[in-house]
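Down below is the structure, laid out as structure tokens.
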Amino acid sequence: MSSIDRATESFVKAIKSSEEYLAYRAELEKILGQPGLKERIDEFRERNFRMQAEQDIDFERLDRFEKEYENFRQEPLVADFLAAELAFCKMMQEATDEIIREIDFQ
């Protein structure tokens, strides 16, 4: 096993034992225990991503989308899951950014 393989294995173990990952997994398990909820969250995220990725943002459509999902996002299971997911994603992004900075990859 190469030093990169060992470091990767160690990095993955560190991620899996991080507070952010453990919180994300705990919230995911709660979501998966509710039939259809994961699918509704996935639909929300997909629609949100598509609107955010558009070149010309239609603010009226964005406002309708926000209103449509306002109550959904306030459901405790949904809000807790999305917050845990965001915290985990931020942690991963920061780690990736640090790796890229340190190896001077352009």
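Within each chain, counting starts at residue 1; across the structure tokens, chains are named A, B, ... in the order shown, with ligands numbered 1 upward in that order.
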For this session: Identify, with DSSP run on backbone atoms, the residues in chain A assigned to alpha helix (DSSP H), and express the list as a PyMOL selection string.
Result: chain A and resi 3-16+19-32+37-53+59-74+76-103
Let's have the selection written as a compact mmCIF listing (two decimals), in the first residue's frame, with C-alpha atoms.
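That gives us part-v6.txt:
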# COMPACT_ATOMS: atom_id res chain seq x y z
CA SER A 3 1.73 6.35 1.37
CA ILE A 4 -1.10 8.09 -0.52
CA ASP A 5 -3.34 5.05 -0.03
CA ARG A 6 -2.56 4.98 3.69
CA ALA A 7 -3.13 8.72 4.02
CA THR A 8 -6.41 8.43 2.12
CA GLU A 9 -7.54 5.61 4.35
CA SER A 10 -6.64 7.66 7.42
CA PHE A 11 -8.40 10.73 6.00
CA VAL A 12 -11.58 8.74 5.34
CA LYS A 13 -11.52 7.37 8.89
CA ALA A 14 -11.10 10.91 10.23
CA ILE A 15 -14.04 12.10 8.16
CA LYS A 16 -16.23 9.22 9.33
CA GLU A 19 -18.78 15.44 14.50
CA GLU A 20 -20.16 16.80 11.21
CA TYR A 21 -20.31 13.40 9.51
CA LEU A 22 -21.79 11.66 12.54
CA ALA A 23 -24.47 14.35 12.85
CA TYR A 24 -25.22 14.10 9.13
CA ARG A 25 -25.56 10.30 9.31
CA ALA A 26 -27.81 10.52 12.38
CA GLU A 27 -30.10 13.00 10.64
CA LEU A 28 -30.08 10.95 7.44
CA GLU A 29 -31.22 7.87 9.35
CA LYS A 30 -34.16 9.85 10.75
CA ILE A 31 -35.07 11.01 7.25
CA LEU A 32 -34.84 7.51 5.81
CA LEU A 37 -39.28 12.21 2.87
CA LYS A 38 -35.83 11.64 1.34
CA GLU A 39 -37.37 11.83 -2.11
CA ARG A 40 -39.10 15.13 -1.26
CA ILE A 41 -35.81 16.54 0.04
CA ASP A 42 -34.00 15.38 -3.10
CA GLU A 43 -36.63 17.07 -5.27
CA PHE A 44 -36.28 20.29 -3.27
CA ARG A 45 -32.49 20.22 -3.61
CA GLU A 46 -32.61 19.48 -7.33
CA ARG A 47 -35.05 22.30 -8.04
CA ASN A 48 -33.06 24.68 -5.85
CA PHE A 49 -29.80 23.75 -7.59
CA ARG A 50 -31.28 24.25 -11.04
CA MET A 51 -32.59 27.69 -10.19
CA GLN A 52 -29.32 28.75 -8.57
CA ALA A 53 -27.36 27.52 -11.61
CA PHE A 59 -36.64 36.41 -9.04
CA GLU A 60 -40.42 35.96 -9.23
CA ARG A 61 -39.99 32.25 -9.86
CA LEU A 62 -37.40 32.06 -7.09
CA ASP A 63 -39.81 33.79 -4.72
CA ARG A 64 -42.60 31.33 -5.63
CA PHE A 65 -40.19 28.45 -5.05
CA GLU A 66 -39.20 29.83 -1.62
CA LYS A 67 -42.85 30.22 -0.62
CA GLU A 68 -43.73 26.76 -1.93
CA TYR A 69 -41.06 25.11 0.22
CA GLU A 70 -41.15 27.46 3.23
CA ASN A 71 -43.26 25.15 5.41
CA PHE A 72 -41.38 22.09 4.19
CA ARG A 73 -38.02 23.56 5.20
CA GLN A 74 -39.42 24.43 8.62
CA PRO A 76 -37.89 19.86 12.20
CA LEU A 77 -36.67 16.67 10.51
CA VAL A 78 -36.06 18.49 7.24
CA ALA A 79 -34.45 21.56 8.83
CA ASP A 80 -32.16 19.44 11.02
CA PHE A 81 -31.14 17.24 8.11
CA LEU A 82 -30.41 20.15 5.78
CA ALA A 83 -28.40 21.92 8.51
CA ALA A 84 -26.35 18.78 9.22
CA GLU A 85 -25.81 18.19 5.51
CA LEU A 86 -24.67 21.77 5.02
CA ALA A 87 -22.22 21.57 7.93
CA PHE A 88 -20.77 18.34 6.55
CA CYS A 89 -20.48 19.77 3.03
CA LYS A 90 -18.73 22.88 4.35
CA MET A 91 -16.26 20.71 6.27
CA MET A 92 -15.51 18.68 3.14
CA GLN A 93 -15.18 21.81 1.00
CA GLU A 94 -12.74 23.36 3.46
CA ALA A 95 -10.65 20.17 3.50
CA THR A 96 -10.61 20.01 -0.29
CA ASP A 97 -9.73 23.70 -0.57
CA GLU A 98 -6.84 23.22 1.87
CA ILE A 99 -5.49 20.28 -0.12
CA ILE A 100 -5.64 22.24 -3.36
CA ARG A 101 -3.95 25.26 -1.76
CA GLU A 102 -1.18 23.21 -0.18
CA ILE A 103 -0.25 21.30 -3.32
